Amino acid sequence: MHRFYVWAGCPLCKPATESVFIQEDFMSCTEKRHILEIDELSVSFLQYENDYSSRQIELPVISRLSVSVHEGEIVAVVGSSGSGKSLLAHAILGMLPYNAKTDGQMYFDGELLTEEKRKELRGNKIAFVPQSTTYLDPLMKVGEQVSQGRKNAARRERQRSLFARYGLGKDVDNKYPFECSGGMTRRVLLTSALMGEPELIIADEPTPGMDLALAKKSMEDFRTFADEGHGVLLITHDIELALEVADRVAVFYAGTTIEEAPVADFASEETLRHPYTKALWRAMPQNGFEPLPGVQPYVKDMPQGCPFGPRCSMYCEKCSGDIPMRRVGCATVRCVQYTGEPLAVEAHHTHYETAAEKSHTHYEAAEPSVEAHHTGGHL
Ligand SMILES: Nc1ncnc2c1ncn2[C@@H]1O[C@H](COP(=O)(O)OP(=O)(O)OP(=O)(O)O)[C@@H](O)[C@H]1O
Ligand code: NI
């Protein structure tokens with residue numbers, strides 16, 4: 001087991017002026033099995049410059065995006081419309097349009113995700129709940145699609161109980177997609193994902209159109225699924241929902257990850273790292289509902305360096321250069337201004353060792369590097 005020692009002042013046990021060495025066990029972020037790892041993914045689309053031109057341009061919509069899901073985890077991907085959430089899901093599943101070009105590496109259970117591997121995993125080890133309700137085959141009855149042609153007594157029973165759990169009557173089996181309402185289709189897509197024996201569920205905005213009770217049930221089912229040692233990548237606009245159900249949150253902005261943080265870090269603005277994540281925190285109703293002026297840049301007007309730069313009060317010259325993703329404890333952040341690591345109090349206390357052990361610890365690495373993370377992980 002790798003151990004790193006992080007230097008931080010504890011707001012509870014020590015006065016603010018006094019710092020303590022605390023030992024943090026990074027098992028949770030470096031050595032747990034990585035079910036999914038996305039490493040510096042970029043996606044661009046080849047497009048004609050305009051309606052009258054035969055010249056093609058490359059439109060970069062996702063750049064150097066990194067995110068991971070470990071066993072037992074629900075990782076929420078949050079970010080505003082157009083930040084690249086759905087494209088990430090489509091890239092993992094090999095469902096991008098023909099004019100898309102990708103770069104970077106993706107791993108599933110430690111294995112490189114090739115085009116062939118994606119086809120093999122899609123609908124088997126990786127289940128997908130799409131954002132759009134048009135994914136069902138319009139010419140096939142719903143029941144057939146949910147059972148995926150694999151009928152046996154156990155699967156029939158599983159389907160019956162899931163349909164009952166999500167308020168889908170027996171008659172739904174025999175309906176064609178056009179006979180289902182939008183909300184019903186969402187429930188069908190969800191039961192379909194829960195039907196098989198996947199390792200990972202990628203759910204792209206699974207709850208719109210569901211009433212609160214059903215939405216809660218679906219989150220409970222994701223929790224149970226994750227607790228069995230699987231993983232869930234939950235894409236949502238809804239940061240409050242994310243904080244309720246997820247273990248970690250990946251924050252997307254303009255096609256890249258700007259921060260990945262354990263949910264406990266959202267307990268206060270101070271324990272978050274990126275100015276955009278802090279602004280999201282302040283915009284939550286319970287934290288003052290403070291709106292963030294400005295809009296996310298469109299791909300064609302992307303600024304140099306940090307995409308959040310034009311809206312950031314901390315912007316300075318160094319923000320216009322290359323901004324690498326840095327690992328800081330169990331989190332990652334893409335901000336050159338971030339210097340410290342105020343640990344979330346909860347995480348800190350969970351990992352605190354006895355006084356005797358503490359006295360033998362020494363400062364080893366305040367910020368384990370991304371390389372350390374990789375070698376300590378599955379690679
Ligand atoms: N086929 C395409 N060709 C060109 N650009 C595209 C294509 N598909 C998506 N985009 C662009 O990629 C960016 C990311 O889109 P994506 O659908 O991933 O956003 P999202 O975060 O899922 O948004 P939402 O919350 O609205 O679902 C957007 O700017 C979108 O316009
Ligand atoms: Ni989307």
# chains A, B, ... in the order shown; residues from 1 in each chain; ligands from 1
call {"tool": "residues_around", "arguments": {"residues": "Lys117 of chain A", "least_positions_apart": "5", "cutoff": "10 Å", "atoms": "only C-alpha atoms", "output": "ChimeraX atom specification"}}
result
/A:93-94,108,111-112,122
call {"tool": "residues_near_ligand", "arguments": {"ligand": "ligand 2", "cutoff": "12 Å", "atoms": "only C-alpha atoms and all ligand atoms", "output": "PDB file with N, CA and C atoms, in the first residue's frame"}}
result
ATOM      1  N   VAL A  77     -20.458  13.496 -13.328  1.00  0.00           N
ATOM      2  CA  VAL A  77     -19.852  14.463 -14.241  1.00  0.00           C
ATOM      3  C   VAL A  77     -20.813  15.639 -14.326  1.00  0.00           C
ATOM      4  N   VAL A  78     -20.366  16.802 -13.836  1.00  0.00           N
ATOM      5  CA  VAL A  78     -21.240  17.971 -13.883  1.00  0.00           C
ATOM      6  C   VAL A  78     -20.606  19.053 -14.761  1.00  0.00           C
ATOM      7  N   GLY A  79     -21.452  19.887 -15.299  1.00  0.00           N
ATOM      8  CA  GLY A  79     -20.946  20.962 -16.155  1.00  0.00           C
ATOM      9  C   GLY A  79     -22.107  21.504 -16.951  1.00  0.00           C
ATOM     10  N   SER A  80     -21.987  22.726 -17.425  1.00  0.00           N
ATOM     11  CA  SER A  80     -23.127  23.322 -18.105  1.00  0.00           C
ATOM     12  C   SER A  80     -23.304  22.726 -19.495  1.00  0.00           C
ATOM     13  N   SER A  81     -24.392  23.123 -20.127  1.00  0.00           N
ATOM     14  CA  SER A  81     -24.729  22.600 -21.451  1.00  0.00           C
ATOM     15  C   SER A  81     -23.589  22.890 -22.429  1.00  0.00           C
ATOM     16  N   GLY A  82     -23.216  21.882 -23.199  1.00  0.00           N
ATOM     17  CA  GLY A  82     -22.162  22.076 -24.194  1.00  0.00           C
ATOM     18  C   GLY A  82     -20.760  21.884 -23.639  1.00  0.00           C
ATOM     19  N   SER A  83     -20.629  21.432 -22.390  1.00  0.00           N
ATOM     20  CA  SER A  83     -19.280  21.279 -21.816  1.00  0.00           C
ATOM     21  C   SER A  83     -18.626  19.964 -22.219  1.00  0.00           C
ATOM     22  N   GLY A  84     -19.358  19.089 -22.915  1.00  0.00           N
ATOM     23  CA  GLY A  84     -18.743  17.866 -23.447  1.00  0.00           C
ATOM     24  C   GLY A  84     -19.121  16.594 -22.712  1.00  0.00           C
ATOM     25  N   LYS A  85     -20.142  16.654 -21.881  1.00  0.00           N
ATOM     26  CA  LYS A  85     -20.520  15.498 -21.055  1.00  0.00           C
ATOM     27  C   LYS A  85     -20.996  14.327 -21.919  1.00  0.00           C
ATOM     28  N   SER A  86     -21.939  14.608 -22.814  1.00  0.00           N
ATOM     29  CA  SER A  86     -22.471  13.518 -23.640  1.00  0.00           C
ATOM     30  C   SER A  86     -21.414  12.995 -24.605  1.00  0.00           C
ATOM     31  N   LEU A  87     -20.597  13.910 -25.129  1.00  0.00           N
ATOM     32  CA  LEU A  87     -19.559  13.454 -26.076  1.00  0.00           C
ATOM     33  C   LEU A  87     -18.578  12.511 -25.396  1.00  0.00           C
ATOM     34  N   LEU A  88     -18.295  12.755 -24.128  1.00  0.00           N
ATOM     35  CA  LEU A  88     -17.413  11.842 -23.399  1.00  0.00           C
ATOM     36  C   LEU A  88     -18.050  10.443 -23.397  1.00  0.00           C
ATOM     37  N   ALA A  89     -19.347  10.384 -23.055  1.00  0.00           N
ATOM     38  CA  ALA A  89     -20.030   9.086 -23.022  1.00  0.00           C
ATOM     39  C   ALA A  89     -19.960   8.424 -24.394  1.00  0.00           C
ATOM     40  N   HIS A  90     -20.215   9.200 -25.439  1.00  0.00           N
ATOM     41  CA  HIS A  90     -20.214   8.632 -26.790  1.00  0.00           C
ATOM     42  C   HIS A  90     -18.814   8.173 -27.199  1.00  0.00           C
ATOM     43  N   VAL A 129     -27.206   4.489 -20.419  1.00  0.00           N
ATOM     44  CA  VAL A 129     -28.533   5.112 -20.367  1.00  0.00           C
ATOM     45  C   VAL A 129     -28.387   6.427 -21.126  1.00  0.00           C
ATOM     46  N   PRO A 130     -28.868   6.496 -22.369  1.00  0.00           N
ATOM     47  CA  PRO A 130     -28.613   7.698 -23.177  1.00  0.00           C
ATOM     48  C   PRO A 130     -29.450   8.889 -22.748  1.00  0.00           C
ATOM     49  N   GLN A 131     -28.956  10.072 -23.099  1.00  0.00           N
ATOM     50  CA  GLN A 131     -29.683  11.304 -22.774  1.00  0.00           C
ATOM     51  C   GLN A 131     -30.925  11.430 -23.661  1.00  0.00           C
ATOM     52  N   SER A 132     -30.769  11.000 -24.914  1.00  0.00           N
ATOM     53  CA  SER A 132     -31.878  11.145 -25.839  1.00  0.00           C
ATOM     54  C   SER A 132     -32.788   9.921 -25.767  1.00  0.00           C
ATOM     55  N   ALA A 203     -24.619   6.743 -17.303  1.00  0.00           N
ATOM     56  CA  ALA A 203     -25.985   7.262 -17.366  1.00  0.00           C
ATOM     57  C   ALA A 203     -25.927   8.745 -17.698  1.00  0.00           C
ATOM     58  N   ASP A 204     -26.451   9.097 -18.865  1.00  0.00           N
ATOM     59  CA  ASP A 204     -26.402  10.484 -19.335  1.00  0.00           C
ATOM     60  C   ASP A 204     -27.738  11.156 -19.034  1.00  0.00           C
ATOM     61  N   GLU A 205     -27.778  11.961 -18.013  1.00  0.00           N
ATOM     62  CA  GLU A 205     -29.006  12.644 -17.568  1.00  0.00           C
ATOM     63  C   GLU A 205     -30.171  11.656 -17.500  1.00  0.00           C
ATOM     64  N   PRO A 206     -30.111  10.686 -16.587  1.00  0.00           N
ATOM     65  CA  PRO A 206     -31.135   9.647 -16.605  1.00  0.00           C
ATOM     66  C   PRO A 206     -32.471  10.041 -15.985  1.00  0.00           C
ATOM     67  N   LEU A 234     -22.120   9.064 -13.767  1.00  0.00           N
ATOM     68  CA  LEU A 234     -23.432   9.706 -13.781  1.00  0.00           C
ATOM     69  C   LEU A 234     -23.301  11.125 -14.314  1.00  0.00           C
ATOM     70  N   ILE A 235     -23.797  11.326 -15.523  1.00  0.00           N
ATOM     71  CA  ILE A 235     -23.708  12.646 -16.155  1.00  0.00           C
ATOM     72  C   ILE A 235     -24.947  13.444 -15.791  1.00  0.00           C
ATOM     73  N   THR A 236     -24.747  14.623 -15.258  1.00  0.00           N
ATOM     74  CA  THR A 236     -25.914  15.406 -14.846  1.00  0.00           C
ATOM     75  C   THR A 236     -25.617  16.902 -14.828  1.00  0.00           C
ATOM     76  N   HIS A 237     -26.677  17.691 -15.051  1.00  0.00           N
ATOM     77  CA  HIS A 237     -26.575  19.136 -14.878  1.00  0.00           C
ATOM     78  C   HIS A 237     -26.688  19.487 -13.402  1.00  0.00           C
ATOM     79  N   PHE A 252     -16.727  19.627 -15.464  1.00  0.00           N
ATOM     80  CA  PHE A 252     -16.329  19.916 -16.841  1.00  0.00           C
ATOM     81  C   PHE A 252     -16.579  21.388 -17.133  1.00  0.00           C
ATOM     82  N   GLY A 255     -15.346  21.668 -22.456  1.00  0.00           N
ATOM     83  CA  GLY A 255     -14.719  20.496 -23.072  1.00  0.00           C
ATOM     84  C   GLY A 255     -13.517  19.930 -22.350  1.00  0.00           C
TER      85      GLY A 255
END
call {"tool": "residues_around", "arguments": {"residues": "segment 301-314 of chain A", "least_positions_apart": "6", "cutoff": "10 Å", "atoms": "only C-alpha atoms", "output": "list in words"}}
result
Pro60, Val61, Tyr253, Ala254, Gly255, Thr256, Ile258, His274, Pro275, Tyr276, Ala279, Leu292, Pro293, Gly294, Val295, Ser320, Gly321, Asp322, Ile323, Pro324, Arg334, Cys335, Val336 and Gln337 of chain A
call {"tool": "select_by_dssp", "arguments": {"residues": "segment 185-231 of chain A", "states": "alpha helix (DSSP H)", "output": "mmCIF file with N, CA and C atoms, in the first residue's frame"}}
result
data_model
loop_
_atom_site.group_PDB
_atom_site.id
_atom_site.type_symbol
_atom_site.label_atom_id
_atom_site.label_comp_id
_atom_site.auth_asym_id
_atom_site.auth_seq_id
_atom_site.Cartn_x
_atom_site.Cartn_y
_atom_site.Cartn_z
ATOM 1 N N THR A 185 -40.237 6.100 -21.682
ATOM 2 C CA THR A 185 -39.052 5.658 -22.425
ATOM 3 C C THR A 185 -37.803 5.757 -21.560
ATOM 4 N N ARG A 186 -37.709 6.825 -20.776
ATOM 5 C CA ARG A 186 -36.554 6.972 -19.873
ATOM 6 C C ARG A 186 -36.482 5.813 -18.895
ATOM 7 N N ARG A 187 -37.651 5.423 -18.378
ATOM 8 C CA ARG A 187 -37.664 4.316 -17.420
ATOM 9 C C ARG A 187 -37.277 3.004 -18.107
ATOM 10 N N VAL A 188 -37.726 2.864 -19.357
ATOM 11 C CA VAL A 188 -37.372 1.657 -20.114
ATOM 12 C C VAL A 188 -35.845 1.611 -20.323
ATOM 13 N N LEU A 189 -35.272 2.763 -20.686
ATOM 14 C CA LEU A 189 -33.817 2.810 -20.929
ATOM 15 C C LEU A 189 -33.039 2.480 -19.657
ATOM 16 N N LEU A 190 -33.569 2.953 -18.546
ATOM 17 C CA LEU A 190 -32.906 2.697 -17.263
ATOM 18 C C LEU A 190 -32.996 1.207 -16.898
ATOM 19 N N THR A 191 -34.174 0.624 -17.019
ATOM 20 C CA THR A 191 -34.320 -0.808 -16.677
ATOM 21 C C THR A 191 -33.444 -1.638 -17.608
ATOM 22 N N SER A 192 -33.340 -1.208 -18.834
ATOM 23 C CA SER A 192 -32.524 -1.929 -19.801
ATOM 24 C C SER A 192 -31.060 -1.962 -19.345
ATOM 25 N N ALA A 193 -30.576 -0.825 -18.832
ATOM 26 C CA ALA A 193 -29.182 -0.777 -18.359
ATOM 27 C C ALA A 193 -28.989 -1.641 -17.116
ATOM 28 N N LEU A 194 -30.015 -1.711 -16.273
ATOM 29 C CA LEU A 194 -29.879 -2.467 -15.023
ATOM 30 C C LEU A 194 -30.095 -3.967 -15.231
ATOM 31 N N MET A 195 -30.543 -4.343 -16.418
ATOM 32 C CA MET A 195 -30.904 -5.735 -16.706
ATOM 33 C C MET A 195 -29.729 -6.705 -16.740
ATOM 34 N N LEU A 212 -40.041 12.638 -8.508
ATOM 35 C CA LEU A 212 -38.984 12.596 -7.495
ATOM 36 C C LEU A 212 -38.774 11.181 -6.937
ATOM 37 N N ALA A 213 -39.881 10.479 -6.683
ATOM 38 C CA ALA A 213 -39.768 9.136 -6.075
ATOM 39 C C ALA A 213 -39.016 8.198 -7.013
ATOM 40 N N LEU A 214 -39.351 8.264 -8.316
ATOM 41 C CA LEU A 214 -38.669 7.376 -9.278
ATOM 42 C C LEU A 214 -37.210 7.768 -9.445
ATOM 43 N N ALA A 215 -36.971 9.078 -9.474
ATOM 44 C CA ALA A 215 -35.585 9.546 -9.605
ATOM 45 C C ALA A 215 -34.766 9.041 -8.421
ATOM 46 N N LYS A 216 -35.361 9.075 -7.230
ATOM 47 C CA LYS A 216 -34.652 8.603 -6.033
ATOM 48 C C LYS A 216 -34.386 7.111 -6.117
ATOM 49 N N LYS A 217 -35.396 6.370 -6.624
ATOM 50 C CA LYS A 217 -35.221 4.920 -6.769
ATOM 51 C C LYS A 217 -34.057 4.616 -7.694
ATOM 52 N N SER A 218 -33.993 5.370 -8.788
ATOM 53 C CA SER A 218 -32.917 5.085 -9.746
ATOM 54 C C SER A 218 -31.558 5.348 -9.101
ATOM 55 N N MET A 219 -31.472 6.398 -8.285
ATOM 56 C CA MET A 219 -30.204 6.690 -7.612
ATOM 57 C C MET A 219 -29.874 5.600 -6.585
ATOM 58 N N GLU A 220 -30.914 5.093 -5.913
ATOM 59 C CA GLU A 220 -30.684 3.981 -4.960
ATOM 60 C C GLU A 220 -30.149 2.769 -5.705
ATOM 61 N N ASP A 221 -30.717 2.527 -6.888
ATOM 62 C CA ASP A 221 -30.272 1.360 -7.663
ATOM 63 C C ASP A 221 -28.825 1.531 -8.128
ATOM 64 N N PHE A 222 -28.471 2.743 -8.500
ATOM 65 C CA PHE A 222 -27.069 3.001 -8.880
ATOM 66 C C PHE A 222 -26.152 2.783 -7.681
ATOM 67 N N ARG A 223 -26.616 3.233 -6.501
ATOM 68 C CA ARG A 223 -25.801 3.070 -5.292
ATOM 69 C C ARG A 223 -25.564 1.583 -5.004
ATOM 70 N N THR A 224 -26.646 0.812 -5.057
ATOM 71 C CA THR A 224 -26.522 -0.628 -4.793
ATOM 72 C C THR A 224 -25.565 -1.250 -5.798
ATOM 73 N N PHE A 225 -25.738 -0.876 -7.055
ATOM 74 C CA PHE A 225 -24.901 -1.412 -8.127
ATOM 75 C C PHE A 225 -23.427 -1.083 -7.862
ATOM 76 N N ALA A 226 -23.152 0.159 -7.485
ATOM 77 C CA ALA A 226 -21.753 0.560 -7.208
ATOM 78 C C ALA A 226 -21.225 -0.185 -5.989
ATOM 79 N N ASP A 227 -22.057 -0.292 -4.954
ATOM 80 C CA ASP A 227 -21.614 -0.956 -3.718
ATOM 81 C C ASP A 227 -21.261 -2.422 -3.946
#
call {"tool": "closest_residue", "arguments": {"among": "A:Cys180, A:Leu168, A:Cys319, A:Val299", "to": "ligand 1", "atoms": "only C-alpha atoms and all ligand atoms"}}
result
A:Val299
call {"tool": "closest_residue", "arguments": {"among": "A:Glu244, A:Glu269, A:Glu157, A:Asp238", "to": "ligand 1", "atoms": "only C-alpha atoms and all ligand atoms"}}
result
A:Asp238
call {"tool": "atom_distance", "arguments": {"atom1": "atom CA of Glu37 of chain A", "atom2": "atom CA of Tyr107 of chain A"}}
result
5.0 Å
call {"tool": "atom_distance", "arguments": {"atom1": "atom CA of Asn174 of chain A", "atom2": "atom CA of Glu199 of chain A"}}
result
28.8 Å
call {"tool": "closest_residue", "arguments": {"among": "A:Gly340, A:Pro297, A:Pro285, A:Gly167", "to": "ligand 1", "atoms": "only C-alpha atoms and all ligand atoms"}}
result
A:Pro297
call {"tool": "closest_residue", "arguments": {"among": "A:Met140, A:Leu59, A:Leu65, A:Ile35", "to": "Asp173 of chain A", "atoms": "only C-alpha atoms"}}
result
A:Met140
call {"tool": "atom_distance", "arguments": {"atom1": "atom CA of Pro97 of chain A", "atom2": "atom CA of Glu179 of chain A"}}
result
28.0 Å
call {"tool": "select_by_dssp", "arguments": {"residues": "segment 268-345 of chain A", "states": "strand (DSSP E or B)", "output": "list in words"}}
result
Arg326, Arg327, Val328, Ala331, Thr332 and Val333 of chain A
call {"tool": "residues_around", "arguments": {"residues": "segment 43-53 of chain A", "least_positions_apart": "6", "cutoff": "7 Å", "atoms": "only C-alpha atoms", "output": "PDB file with N, CA and C atoms, in the first residue's frame"}}
result
ATOM      1  N   LEU A  59     -12.808  21.327 -35.617  1.00  0.00           N
ATOM      2  CA  LEU A  59     -13.406  22.017 -34.481  1.00  0.00           C
ATOM      3  C   LEU A  59     -13.136  21.223 -33.201  1.00  0.00           C
ATOM      4  N   PRO A  60     -12.231  21.707 -32.349  1.00  0.00           N
ATOM      5  CA  PRO A  60     -11.932  20.924 -31.138  1.00  0.00           C
ATOM      6  C   PRO A  60     -13.015  21.142 -30.072  1.00  0.00           C
ATOM      7  N   VAL A  61     -13.739  20.095 -29.717  1.00  0.00           N
ATOM      8  CA  VAL A  61     -14.831  20.266 -28.741  1.00  0.00           C
ATOM      9  C   VAL A  61     -14.481  19.704 -27.360  1.00  0.00           C
ATOM     10  N   ILE A  62     -13.584  18.729 -27.336  1.00  0.00           N
ATOM     11  CA  ILE A  62     -13.091  18.222 -26.046  1.00  0.00           C
ATOM     12  C   ILE A  62     -11.576  18.279 -26.117  1.00  0.00           C
ATOM     13  N   SER A  63     -10.943  18.812 -25.077  1.00  0.00           N
ATOM     14  CA  SER A  63      -9.480  18.814 -25.124  1.00  0.00           C
ATOM     15  C   SER A  63      -8.889  18.361 -23.799  1.00  0.00           C
ATOM     16  N   ASN A  99     -17.432  11.982 -38.581  1.00  0.00           N
ATOM     17  CA  ASN A  99     -16.482  13.092 -38.800  1.00  0.00           C
ATOM     18  C   ASN A  99     -15.729  13.480 -37.528  1.00  0.00           C
ATOM     19  N   ALA A 100     -15.813  12.620 -36.497  1.00  0.00           N
ATOM     20  CA  ALA A 100     -15.102  12.932 -35.243  1.00  0.00           C
ATOM     21  C   ALA A 100     -13.714  12.313 -35.259  1.00  0.00           C
ATOM     22  N   LYS A 101     -12.773  13.041 -34.689  1.00  0.00           N
ATOM     23  CA  LYS A 101     -11.397  12.547 -34.544  1.00  0.00           C
ATOM     24  C   LYS A 101     -11.055  12.545 -33.062  1.00  0.00           C
ATOM     25  N   THR A 102     -10.486  11.455 -32.572  1.00  0.00           N
ATOM     26  CA  THR A 102     -10.164  11.437 -31.135  1.00  0.00           C
ATOM     27  C   THR A 102      -8.667  11.250 -30.906  1.00  0.00           C
ATOM     28  N   ASP A 103      -8.236  11.678 -29.758  1.00  0.00           N
ATOM     29  CA  ASP A 103      -6.848  11.502 -29.346  1.00  0.00           C
ATOM     30  C   ASP A 103      -6.861  11.212 -27.843  1.00  0.00           C
TER      31      ASP A 103
END
call {"tool": "closest_residue", "arguments": {"among": "A:Ala164, A:Ala154, A:Val251, A:Leu241", "to": "ligand 1", "atoms": "only C-alpha atoms and all ligand atoms"}}
result
A:Val251
